[in-house]
>>> print(open('my_file_11.json').read())   # JSON, C-alpha atoms
[["chain", "number", "residue", "atom", "x", "y", "z"],
["Y", 92, "MET", "CA", 222.20, 200.02, 206.23],
["Y", 93, "SER", "CA", 225.33, 201.68, 204.84],
["Y", 94, "LEU", "CA", 228.63, 200.09, 203.92],
["Y", 95, "GLY", "CA", 230.08, 201.23, 207.25],
["Y", 96, "GLU", "CA", 227.27, 199.64, 209.28],
["Y", 97, "ASN", "CA", 227.45, 196.42, 207.28],
["Y", 98, "LEU", "CA", 231.22, 196.27, 207.70],
["Y", 99, "GLN", "CA", 230.96, 196.77, 211.46],
["Y", 100, "PHE", "CA", 228.34, 194.03, 211.69],
["Y", 101, "LEU", "CA", 230.43, 191.57, 209.64],
["Y", 102, "ARG", "CA", 233.56, 192.28, 211.70],
["Y", 103, "ALA", "CA", 231.67, 191.74, 214.96],
["Y", 104, "ARG", "CA", 230.07, 188.56, 213.63],
["Y", 105, "GLU", "CA", 233.43, 187.09, 212.61],
["Y", 106, "GLY", "CA", 235.24, 188.41, 215.69],
["Y", 107, "VAL", "CA", 237.70, 190.41, 213.56],
["Y", 108, "THR", "CA", 239.28, 193.67, 214.71],
["Y", 109, "GLN", "CA", 239.94, 196.64, 212.44],
["Y", 110, "GLU", "CA", 243.66, 195.84, 212.54],
["Y", 111, "GLN", "CA", 243.08, 192.21, 211.53],
["Y", 112, "LEU", "CA", 240.77, 193.18, 208.68],
["Y", 113, "ALA", "CA", 243.30, 195.76, 207.48],
["Y", 114, "GLU", "CA", 246.02, 193.10, 207.42],
["Y", 115, "ARG", "CA", 243.87, 190.74, 205.37],
["Y", 116, "LEU", "CA", 243.06, 193.48, 202.86],
["Y", 117, "GLU", "CA", 246.62, 194.88, 202.91],
["Y", 118, "VAL", "CA", 245.47, 198.38, 203.84],
["Y", 119, "SER", "CA", 245.94, 200.56, 206.90],
["Y", 120, "ARG", "CA", 243.76, 200.38, 210.00],
["Y", 121, "GLN", "CA", 242.87, 204.03, 209.43],
["Y", 122, "SER", "CA", 241.39, 203.08, 206.02],
["Y", 123, "VAL", "CA", 239.08, 200.54, 207.63],
["Y", 124, "SER", "CA", 238.09, 203.08, 210.29],
["Y", 125, "LYS", "CA", 237.23, 205.65, 207.61],
["Y", 126, "TRP", "CA", 235.13, 203.13, 205.68],
["Y", 127, "GLU", "CA", 233.13, 202.31, 208.78],
["Y", 128, "SER", "CA", 232.64, 205.98, 209.66],
["Y", 129, "GLY", "CA", 231.58, 206.78, 206.09],
["Y", 130, "THR", "CA", 234.30, 209.36, 205.46],
["Y", 131, "SER", "CA", 235.91, 207.34, 202.64],
["Y", 132, "PHE", "CA", 235.12, 204.49, 200.30],
["Y", 133, "PRO", "CA", 237.15, 201.38, 199.36],
["Y", 134, "GLU", "CA", 238.32, 200.74, 195.81],
["Y", 135, "MET", "CA", 236.53, 198.25, 193.59],
["Y", 136, "ASP", "CA", 239.07, 195.42, 194.00],
["Y", 137, "THR", "CA", 238.88, 195.86, 197.79],
["Y", 138, "LEU", "CA", 235.08, 195.65, 197.66],
["Y", 139, "LEU", "CA", 235.35, 192.39, 195.73],
["Y", 140, "LYS", "CA", 237.74, 191.04, 198.37],
["Y", 141, "LEU", "CA", 235.27, 192.02, 201.11],
["Y", 142, "CYS", "CA", 232.44, 190.21, 199.30],
["Y", 143, "ASP", "CA", 234.53, 187.04, 198.98],
["Y", 144, "MET", "CA", 235.81, 187.27, 202.54],
["Y", 145, "PHE", "CA", 232.37, 187.62, 204.13],
["Y", 146, "HIS", "CA", 230.40, 185.57, 201.55],
["Y", 147, "THR", "CA", 228.01, 188.32, 200.55],
["Y", 148, "ASP", "CA", 227.12, 190.13, 197.33],
["Y", 149, "MET", "CA", 228.13, 193.69, 196.53],
["Y", 150, "ASP", "CA", 224.61, 195.07, 196.32],
["Y", 151, "THR", "CA", 223.80, 193.85, 199.84],
["Y", 152, "LEU", "CA", 227.15, 195.05, 201.17],
["Y", 153, "LEU", "CA", 226.77, 198.57, 199.73],
["Y", 154, "ARG", "CA", 223.04, 199.27, 199.91],
["Y", 155, "GLY", "CA", 221.27, 196.46, 201.75],
["Y", 156, "SER", "CA", 221.30, 194.97, 205.21],
["Y", 157, "VAL", "CA", 223.80, 192.14, 205.62],
["Y", 158, "GLU", "CA", 222.32, 191.31, 209.03],
["Y", 159, "LYS", "CA", 218.85, 190.89, 207.56],
["Y", 160, "SER", "CA", 220.10, 188.85, 204.58],
["Y", 161, "LEU", "CA", 221.93, 186.43, 206.89],
["Y", 162, "SER", "CA", 218.84, 185.93, 209.04],
["Y", 163, "GLU", "CA", 216.57, 185.19, 206.06],
["Y", 164, "ASP", "CA", 215.85, 181.66, 204.88],
["Y", 165, "SER", "CA", 215.57, 182.54, 201.20],
["Y", 166, "ALA", "CA", 215.75, 178.88, 200.10],
["Y", 167, "GLY", "CA", 212.91, 177.79, 202.38],
["Y", 168, "TYR", "CA", 215.33, 175.33, 204.01],
["Y", 169, "ASP", "CA", 213.74, 175.31, 207.47],
["Y", 170, "ARG", "CA", 210.24, 174.56, 206.21],
["Y", 171, "PHE", "CA", 211.45, 171.94, 203.72],
["Y", 172, "MET", "CA", 213.63, 170.05, 206.21],
["Y", 173, "THR", "CA", 210.95, 170.12, 208.92],
["Y", 174, "LEU", "CA", 208.41, 168.64, 206.49],
["Y", 175, "TYR", "CA", 210.97, 166.08, 205.30],
["Y", 176, "ALA", "CA", 211.65, 165.01, 208.90],
["Y", 177, "ARG", "CA", 207.91, 164.59, 209.50],
["Y", 178, "LYS", "CA", 207.52, 162.41, 206.40],
["Y", 179, "VAL", "CA", 210.42, 160.12, 207.27],
["Y", 180, "ALA", "CA", 209.49, 159.86, 210.96],
["Y", 181, "GLY", "CA", 205.87, 159.26, 210.00],
["Y", 182, "GLY", "CA", 206.85, 156.51, 207.56],
["Y", 183, "VAL", "CA", 209.00, 154.68, 210.11],
["Y", 184, "SER", "CA", 206.27, 155.03, 212.74],
["Y", 185, "ALA", "CA", 203.63, 153.82, 210.26],
["Y", 186, "ILE", "CA", 205.52, 150.57, 209.61],
["Y", 187, "ILE", "CA", 205.60, 149.78, 213.33],
["Y", 188, "ALA", "CA", 201.94, 150.77, 213.68],
["Y", 189, "GLY", "CA", 201.20, 148.55, 210.68],
["Y", 190, "ALA", "CA", 202.64, 145.61, 212.57],
["Y", 191, "ALA", "CA", 200.26, 146.46, 215.42],
["Y", 192, "VAL", "CA", 197.28, 146.61, 213.05],
["Y", 193, "MET", "CA", 198.31, 143.30, 211.51],
["Y", 194, "GLY", "CA", 198.40, 141.64, 214.92],
["Y", 195, "LEU", "CA", 194.92, 142.95, 215.69],
["Y", 196, "LEU", "CA", 193.36, 141.97, 212.34],
["Y", 197, "SER", "CA", 195.04, 138.57, 212.45],
["Y", 198, "LEU", "CA", 192.60, 137.68, 215.23],
["Y", 199, "LEU", "CA", 189.93, 137.71, 212.53],
["Y", 200, "ASN", "CA", 191.94, 136.45, 209.57],
["Y", 201, "SER", "CA", 195.73, 136.06, 209.25],
["Y", 202, "MET", "CA", 195.72, 136.87, 205.51],
["Y", 203, "ILE", "CA", 193.75, 140.06, 206.06],
["Y", 204, "GLY", "CA", 196.26, 141.05, 208.75],
["Y", 205, "ALA", "CA", 199.21, 140.35, 206.45],
["Y", 206, "ALA", "CA", 197.59, 142.23, 203.56],
["Y", 207, "SER", "CA", 196.97, 145.28, 205.76],
["Y", 208, "PHE", "CA", 200.63, 145.32, 206.82],
["Y", 209, "PHE", "CA", 201.85, 145.09, 203.23],
["Y", 210, "LEU", "CA", 199.53, 147.97, 202.26],
["Y", 211, "ILE", "CA", 200.92, 150.20, 205.03],
["Y", 212, "LEU", "CA", 204.48, 149.09, 204.21],
["Y", 213, "ALA", "CA", 203.98, 149.92, 200.53],
["Y", 214, "ALA", "CA", 202.63, 153.38, 201.40],
["Y", 215, "ALA", "CA", 205.61, 154.03, 203.71],
["Y", 216, "VAL", "CA", 208.09, 152.93, 201.02],
["Y", 217, "VAL", "CA", 206.47, 155.28, 198.50],
["Y", 218, "VAL", "CA", 206.80, 158.15, 201.01],
["Y", 219, "PHE", "CA", 210.47, 157.27, 201.64],
["Y", 220, "ILE", "CA", 211.31, 157.16, 197.93],
["Y", 221, "ALA", "CA", 209.44, 160.36, 197.04],
["Y", 222, "SER", "CA", 210.80, 162.26, 200.06],
["Y", 223, "GLY", "CA", 214.35, 161.09, 199.34],
["Y", 224, "MET", "CA", 214.10, 162.29, 195.74],
["Y", 225, "GLU", "CA", 212.70, 165.64, 196.87],
["Y", 226, "GLU", "CA", 215.55, 166.07, 199.34],
["Y", 227, "ASP", "CA", 218.12, 165.17, 196.68],
["Y", 228, "ASN", "CA", 216.63, 167.76, 194.30],
["Y", 229, "PHE", "CA", 216.67, 170.39, 197.06],
["Y", 230, "ARG", "CA", 220.35, 169.71, 197.78],
["Y", 231, "LYS", "CA", 221.21, 170.01, 194.09],
["Y", 232, "GLN", "CA", 219.33, 173.31, 193.87],
["Y", 233, "TYR", "CA", 220.85, 174.70, 197.09],
["Y", 234, "PRO", "CA", 224.21, 172.96, 197.63],
["Y", 235, "VAL", "CA", 225.55, 175.69, 199.93],
["Y", 236, "LEU", "CA", 223.56, 177.72, 202.48],
["Y", 237, "ARG", "CA", 224.41, 180.43, 204.97],
["Y", 238, "ASP", "CA", 223.81, 179.56, 208.60],
["Y", 239, "PHE", "CA", 220.80, 181.82, 209.20],
["Y", 240, "TYR", "CA", 219.83, 180.29, 212.55],
["Y", 241, "THR", "CA", 220.51, 182.50, 215.55],
["Y", 242, "GLU", "CA", 222.17, 181.18, 218.69],
["Y", 243, "LYS", "CA", 218.84, 181.66, 220.51],
["Y", 244, "GLN", "CA", 217.03, 179.48, 217.97],
["Y", 245, "LYS", "CA", 219.66, 176.75, 218.33],
["Y", 246, "ALA", "CA", 219.56, 176.95, 222.13],
["Y", 247, "ASP", "CA", 215.74, 176.77, 222.14],
["Y", 248, "PHE", "CA", 215.85, 173.67, 219.95],
["Y", 249, "ARG", "CA", 218.48, 171.97, 222.14],
["Y", 250, "ARG", "CA", 216.08, 172.30, 225.07],
["Y", 251, "ARG", "CA", 213.28, 170.72, 223.03],
["Y", 252, "TYR", "CA", 215.60, 168.02, 221.69],
["Y", 253, "ILE", "CA", 216.21, 166.71, 225.20],
["Y", 254, "TRP", "CA", 212.48, 166.05, 225.56],
["Y", 255, "TYR", "CA", 212.18, 164.46, 222.10],
["Y", 256, "ILE", "CA", 214.79, 161.86, 223.05],
["Y", 257, "ALA", "CA", 213.93, 161.46, 226.74],
["Y", 258, "GLY", "CA", 210.21, 161.37, 225.96],
["Y", 259, "GLY", "CA", 210.63, 158.73, 223.25],
["Y", 260, "VAL", "CA", 212.77, 156.46, 225.41],
["Y", 261, "GLY", "CA", 210.48, 157.03, 228.39],
["Y", 262, "ALA", "CA", 207.40, 156.11, 226.32],
["Y", 263, "ILE", "CA", 208.96, 152.79, 225.27],
["Y", 264, "LEU", "CA", 209.88, 151.97, 228.88],
["Y", 265, "PHE", "CA", 206.36, 152.93, 229.96],
["Y", 266, "GLY", "CA", 204.98, 150.57, 227.31],
["Y", 267, "VAL", "CA", 207.09, 147.73, 228.70],
["Y", 268, "PHE", "CA", 205.83, 148.55, 232.19],
["Y", 269, "LEU", "CA", 202.20, 148.46, 231.02],
["Y", 270, "LEU", "CA", 202.79, 145.18, 229.20],
["Y", 271, "VAL", "CA", 204.27, 143.50, 232.28],
["Y", 272, "LEU", "CA", 201.55, 144.95, 234.50],
["Y", 273, "ALA", "CA", 198.79, 143.83, 232.13],
["Y", 274, "PHE", "CA", 200.00, 140.24, 232.11],
["Y", 275, "THR", "CA", 199.69, 140.13, 235.88],
["Y", 276, "VAL", "CA", 195.96, 140.75, 235.39],
["Y", 277, "PHE", "CA", 195.15, 139.06, 232.08],
["Y", 278, "PRO", "CA", 196.04, 135.45, 231.19],
["Y", 279, "GLU", "CA", 198.79, 134.89, 228.62],
["Y", 280, "ARG", "CA", 196.55, 133.61, 225.85],
["Y", 281, "GLU", "CA", 194.63, 134.91, 222.86],
["Y", 282, "PRO", "CA", 193.03, 137.33, 222.34],
["Y", 283, "TYR", "CA", 194.78, 139.09, 225.26],
["Y", 284, "GLU", "CA", 198.29, 138.56, 223.89],
["Y", 285, "SER", "CA", 197.45, 140.10, 220.51],
["Y", 286, "LEU", "CA", 195.50, 143.00, 222.04],
["Y", 287, "LEU", "CA", 198.25, 143.87, 224.52],
["Y", 288, "GLY", "CA", 200.93, 143.40, 221.84],
["Y", 289, "THR", "CA", 199.02, 145.80, 219.59],
["Y", 290, "LEU", "CA", 198.84, 148.40, 222.35],
["Y", 291, "PHE", "CA", 202.57, 148.06, 223.02],
["Y", 292, "LEU", "CA", 203.50, 148.43, 219.34],
["Y", 293, "LEU", "CA", 201.32, 151.53, 219.02],
["Y", 294, "ILE", "CA", 203.13, 153.10, 221.96],
["Y", 295, "VAL", "CA", 206.47, 152.17, 220.38],
["Y", 296, "ALA", "CA", 205.32, 153.65, 217.05],
["Y", 297, "GLY", "CA", 204.56, 156.98, 218.72],
["Y", 298, "ALA", "CA", 207.86, 156.94, 220.62],
["Y", 299, "VAL", "CA", 209.87, 156.12, 217.50],
["Y", 300, "TYR", "CA", 208.22, 159.03, 215.66],
["Y", 301, "PHE", "CA", 209.59, 161.51, 218.18],
["Y", 302, "LEU", "CA", 213.00, 159.83, 218.32],
["Y", 303, "VAL", "CA", 213.43, 159.95, 214.53],
["Y", 304, "TYR", "CA", 211.87, 163.40, 214.19],
["Y", 305, "GLY", "CA", 214.04, 164.87, 216.95],
["Y", 306, "GLY", "CA", 217.19, 163.36, 215.49],
["Y", 307, "MET", "CA", 216.46, 164.73, 212.02],
["Y", 308, "LEU", "CA", 215.67, 168.18, 213.41],
["Y", 309, "GLU", "CA", 219.04, 168.18, 215.16],
["Y", 310, "ASP", "CA", 220.65, 167.62, 211.75],
["Y", 311, "LYS", "CA", 218.55, 170.44, 210.32],
["Y", 312, "TYR", "CA", 220.20, 173.01, 212.57],
["Y", 313, "ASN", "CA", 223.70, 171.87, 211.51],
["Y", 314, "ILE", "CA", 224.10, 173.93, 208.32],
["Y", 315, "ALA", "CA", 227.85, 173.21, 208.17],
["Y", 316, "LYS", "CA", 227.10, 169.49, 208.03],
["Y", 317, "TYR", "CA", 224.52, 170.09, 205.28],
["Y", 318, "ASN", "CA", 227.08, 172.02, 203.21],
["Y", 319, "ARG", "CA", 229.77, 169.40, 203.65],
["Y", 320, "ARG", "CA", 227.43, 166.58, 202.69],
["Y", 321, "ASN", "CA", 226.81, 168.34, 199.39],
["Y", 322, "ALA", "CA", 230.57, 168.46, 198.72],
["Y", 323, "PRO", "CA", 231.75, 165.09, 200.09],
["Y", 324, "THR", "CA", 235.33, 163.90, 199.99],
["Y", 325, "SER", "CA", 236.25, 160.71, 198.10],
["Y", 326, "GLU", "CA", 236.42, 158.91, 201.47],
["Y", 327, "ASP", "CA", 232.91, 160.12, 202.38],
["Y", 328, "ARG", "CA", 231.55, 158.88, 199.03],
["Y", 329, "GLU", "CA", 233.12, 155.46, 199.52],
["Y", 330, "ARG", "CA", 231.78, 155.15, 203.07],
["Y", 331, "ARG", "CA", 228.32, 156.17, 201.86],
["Y", 332, "ARG", "CA", 228.45, 153.50, 199.13],
["Y", 333, "ARG", "CA", 229.35, 150.81, 201.69],
["Y", 334, "ALA", "CA", 226.61, 151.96, 204.09],
["Y", 335, "VAL", "CA", 223.94, 151.97, 201.36],
["Y", 336, "THR", "CA", 225.01, 148.48, 200.24],
["Y", 337, "ALA", "CA", 224.88, 147.14, 203.81],
["Y", 338, "CYS", "CA", 221.42, 148.66, 204.46],
["Y", 339, "SER", "CA", 220.08, 147.27, 201.18],
["Y", 340, "LEU", "CA", 221.29, 143.75, 202.03],
["Y", 341, "ILE", "CA", 219.83, 143.98, 205.55],
["Y", 342, "MET", "CA", 216.39, 145.03, 204.29],
["Y", 343, "ILE", "CA", 216.39, 142.37, 201.52],
["Y", 344, "LEU", "CA", 217.21, 139.74, 204.13],
["Y", 345, "ALA", "CA", 214.50, 141.14, 206.42],
["Y", 346, "THR", "CA", 211.93, 140.88, 203.62],
["Y", 347, "ALA", "CA", 212.96, 137.30, 202.84],
["Y", 348, "LEU", "CA", 212.67, 136.29, 206.51],
["Y", 349, "PHE", "CA", 209.31, 138.08, 206.80],
["Y", 350, "LEU", "CA", 207.86, 136.18, 203.84],
["Y", 351, "LEU", "CA", 209.37, 132.87, 204.99],
["Y", 352, "MET", "CA", 207.96, 133.11, 208.53],
["Y", 353, "GLY", "CA", 204.61, 134.37, 207.33],
["Y", 354, "LEU", "CA", 203.91, 132.22, 204.31],
["Y", 355, "ALA", "CA", 205.76, 129.04, 205.29],
["Y", 356, "TYR", "CA", 205.07, 128.95, 209.03],
["Y", 357, "THR", "CA", 202.03, 131.31, 209.32],
["Y", 358, "LYS", "CA", 203.70, 133.27, 212.12],
["Y", 359, "TRP", "CA", 202.78, 136.77, 210.93],
["Y", 360, "GLU", "CA", 202.82, 138.28, 214.43],
["Y", 361, "LEU", "CA", 206.41, 137.18, 214.99],
["Y", 362, "ALA", "CA", 207.37, 138.13, 211.43],
["Y", 363, "ALA", "CA", 206.20, 141.70, 212.06],
["Y", 364, "VAL", "CA", 209.11, 142.23, 214.46],
["Y", 365, "ILE", "CA", 211.63, 141.62, 211.67],
["Y", 366, "TYR", "CA", 211.27, 145.02, 209.97],
["Y", 367, "PRO", "CA", 211.80, 147.13, 213.12],
["Y", 368, "VAL", "CA", 214.85, 144.97, 213.94],
["Y", 369, "GLY", "CA", 216.08, 145.43, 210.36],
["Y", 370, "GLY", "CA", 215.66, 149.19, 210.71],
["Y", 371, "VAL", "CA", 217.73, 149.20, 213.89],
["Y", 372, "LEU", "CA", 220.47, 147.11, 212.22],
["Y", 373, "CYS", "CA", 220.40, 149.40, 209.20],
["Y", 374, "GLY", "CA", 220.86, 152.44, 211.44],
["Y", 375, "ALA", "CA", 223.74, 150.73, 213.23],
["Y", 376, "ALA", "CA", 225.37, 149.90, 209.89],
["Y", 377, "TRP", "CA", 225.07, 153.52, 208.79],
["Y", 378, "ILE", "CA", 226.70, 154.75, 212.00],
["Y", 379, "VAL", "CA", 229.61, 152.31, 211.64],
["Y", 380, "LEU", "CA", 230.08, 152.40, 207.86],
["Y", 381, "GLY", "CA", 228.57, 155.72, 206.81],
["Y", 382, "PRO", "CA", 230.37, 159.00, 206.09],
["Y", 383, "LYS", "CA", 231.67, 160.95, 209.07],
["Y", 384, "LEU", "CA", 229.95, 164.24, 208.34],
["Y", 385, "ASP", "CA", 229.72, 165.71, 211.83],
["Y", 386, "ILE", "CA", 231.62, 169.00, 212.13]]
>>> encode(input="my_file_11.json", output="structure tokens")
Amino acid sequence: MSLGENLQFLRAREGVTQEQLAERLEVSRQSVSKWESGTSFPEMDTLLKLCDMFHTDMDTLLRGSVEKSLSEDSAGYDRFMTLYARKVAGGVSAIIAGAAVMGLLSLLNSMIGAASFFLILAAAVVVFIASGMEEDNFRKQYPVLRDFYTEKQKADFRRRYIWYIAGGVGAILFGVFLLVLAFTVFPEREPYESLLGTLFLLIVAGAVYFLVYGGMLEDKYNIAKYNRRNAPTSEDRERRRRAVTACSLIMILATALFLLMGLAYTKWELAAVIYPVGGVLCGAAWIVLGPKLDI
């Protein structure tokens, strides 16, 4: 593409007329018209102003395709954030599924059930820590990104997002329905209670995966929010500090209650509910105390 074609594309993308662009550059409208038709060429200082104004480099503006450069994900952001969402959603889902496995194995031996849950929990924590460090490194490497997603891509995702959320909530409600229905057939005693509780928690684990995954994908498409998070205000940093402190205290308390109920009272099945509840409380604390980054 030529300078004229790139300039026309950038004007149309920003919704700027030739007159408005001329005013910003302090030139005549006829000058802008000549640049776009290819009959004249702007001076060097004007080219630099155009690059700053439209956030592009001079080589792309003069000889490349601005449209193509804006549609390219040169940082690999989409792939990285999709994989990151899968890791986090998978970790959260694994903890809930671990509680289900613990309930099932506890029918054989309560210590084996508890050990299996701790193993799954440890694996999930490792995934959370490693994924969080990877995301932090990615943000440091690419603190500012162009919004390369097209309106069609965003609209297509919004249609899928509805089903991520509705499907997740519907699955949990369906699990409750199955649980109530099952107890009309089976007596409320072991091993039926543990088996049905395991089935319910597995359904919840699958539902939570899609709820978390869908929510993180929605954030992925908000490039403006990503950019602002990498340049937070002092208020945002303070709110983030408070939210992290609150979440840390909640999860420490959850761990203490888990160990107390399991080791002191041997109620591992009931203790398994503590971590999902802690996760919900942590999410609520982040919403209330965390930085307001939505744009």
>>> residues_near_point(input="my_file_11.json", point="(213.8, 161.2, 212.8)", cutoff="7 Å", atoms="all atoms listed in the file", output="compact mmCIF listing (two decimals) with C-alpha atoms, keeping the file's coordinate frame")
# COMPACT_ATOMS: atom_id res chain seq x y z
CA ALA Y 176 211.65 165.01 208.90
CA VAL Y 179 210.42 160.12 207.27
CA ALA Y 180 209.49 159.86 210.96
CA TYR Y 300 208.22 159.03 215.66
CA PHE Y 301 209.59 161.51 218.18
CA LEU Y 302 213.00 159.83 218.32
CA VAL Y 303 213.43 159.95 214.53
CA TYR Y 304 211.87 163.40 214.19
CA GLY Y 305 214.04 164.87 216.95
CA GLY Y 306 217.19 163.36 215.49
CA MET Y 307 216.46 164.73 212.02
>>> closest_residue(input="my_file_11.json", among="Y:Gly369, Y:Gly189, Y:Gly182, Y:Gly95", to="Met342 in chain Y", atoms="all atoms listed in the file")
Y:Gly369
>>> atom_distance(input="my_file_11.json", atom1="CA of Val118 in chain Y", atom2="CA of Arg237 in chain Y")
27.7 Å
>>> closest_residue(input="my_file_11.json", among="Y:Ala213, Y:Ala185, Y:Ala334, Y:Val260", to="Leu292 in chain Y", atoms="all atoms listed in the file")
Y:Ala185
>>> residues_near_point(input="my_file_11.json", point="(240.4, 198.6, 212.8)", cutoff="10 Å", atoms="only C-alpha atoms", output="VMD selection string")
chain Y and resid 99 102 107 to 114 119 to 127
>>> write_last_selection(input="my_file_11.json", atoms="C-alpha atoms", output="PDB file, in the coordinates of the input")
ATOM      1  CA  GLN Y  99     230.960 196.770 211.460  1.00  0.00           C
ATOM      2  CA  ARG Y 102     233.560 192.280 211.700  1.00  0.00           C
ATOM      3  CA  VAL Y 107     237.700 190.410 213.560  1.00  0.00           C
ATOM      4  CA  THR Y 108     239.280 193.670 214.710  1.00  0.00           C
ATOM      5  CA  GLN Y 109     239.940 196.640 212.440  1.00  0.00           C
ATOM      6  CA  GLU Y 110     243.660 195.840 212.540  1.00  0.00           C
ATOM      7  CA  GLN Y 111     243.080 192.210 211.530  1.00  0.00           C
ATOM      8  CA  LEU Y 112     240.770 193.180 208.680  1.00  0.00           C
ATOM      9  CA  ALA Y 113     243.300 195.760 207.480  1.00  0.00           C
ATOM     10  CA  GLU Y 114     246.020 193.100 207.420  1.00  0.00           C
ATOM     11  CA  SER Y 119     245.940 200.560 206.900  1.00  0.00           C
ATOM     12  CA  ARG Y 120     243.760 200.380 210.000  1.00  0.00           C
ATOM     13  CA  GLN Y 121     242.870 204.030 209.430  1.00  0.00           C
ATOM     14  CA  SER Y 122     241.390 203.080 206.020  1.00  0.00           C
ATOM     15  CA  VAL Y 123     239.080 200.540 207.630  1.00  0.00           C
ATOM     16  CA  SER Y 124     238.090 203.080 210.290  1.00  0.00           C
ATOM     17  CA  LYS Y 125     237.230 205.650 207.610  1.00  0.00           C
ATOM     18  CA  TRP Y 126     235.130 203.130 205.680  1.00  0.00           C
ATOM     19  CA  GLU Y 127     233.130 202.310 208.780  1.00  0.00           C
TER      20      GLU Y 127
END
>>> atom_distance(input="my_file_11.json", atom1="CA of Ser207 in chain Y", atom2="CA of Ile186 in chain Y")
10.8 Å
>>> residues_around(input="my_file_11.json", residues="range 282-287 of chain Y", least_positions_apart="3", cutoff="7 Å", atoms="only C-alpha atoms", output="list in words")
Gly194, Leu195, Leu270, Phe277, Glu279, Leu290 and Phe291 of chain Y
>>> residues_around(input="my_file_11.json", residues="Tyr168 in chain Y", least_positions_apart="3", cutoff="9 Å", atoms="only C-alpha atoms", output="number ranges by chain")
Y: 164-165, 171-173, 229, 233, 236, 311
>>> atom_distance(input="my_file_11.json", atom1="CA of Asn321 in chain Y", atom2="CA of Pro234 in chain Y")
5.6 Å
>>> closest_residue(input="my_file_11.json", among="Y:Val368, Y:Ala246, Y:Leu354, Y:Leu98", to="Met149 in chain Y", atoms="all atoms listed in the file")
Y:Leu98
>>> residues_around(input="my_file_11.json", residues="Arg333 in chain Y", least_positions_apart="4", cutoff="8 Å", atoms="only C-alpha atoms", output="VMD selection string")
chain Y and resid 329 337 380 to 381
>>> closest_residue(input="my_file_11.json", among="Y:Phe349, Y:Phe265, Y:Trp377, Y:Phe219", to="Thr336 in chain Y", atoms="all atoms listed in the file")
Y:Trp377
>>> residues_around(input="my_file_11.json", residues="range 202-204 of chain Y", least_positions_apart="5", cutoff="9 Å", atoms="all atoms listed in the file", output="MDAnalysis selection string")
chainID Y and resid 190 192:197 209 359
>>> closest_residue(input="my_file_11.json", among="Y:Ala191, Y:Phe145, Y:Asn200, Y:Ile211", to="Gly288 in chain Y", atoms="only C-alpha atoms")
Y:Ala191
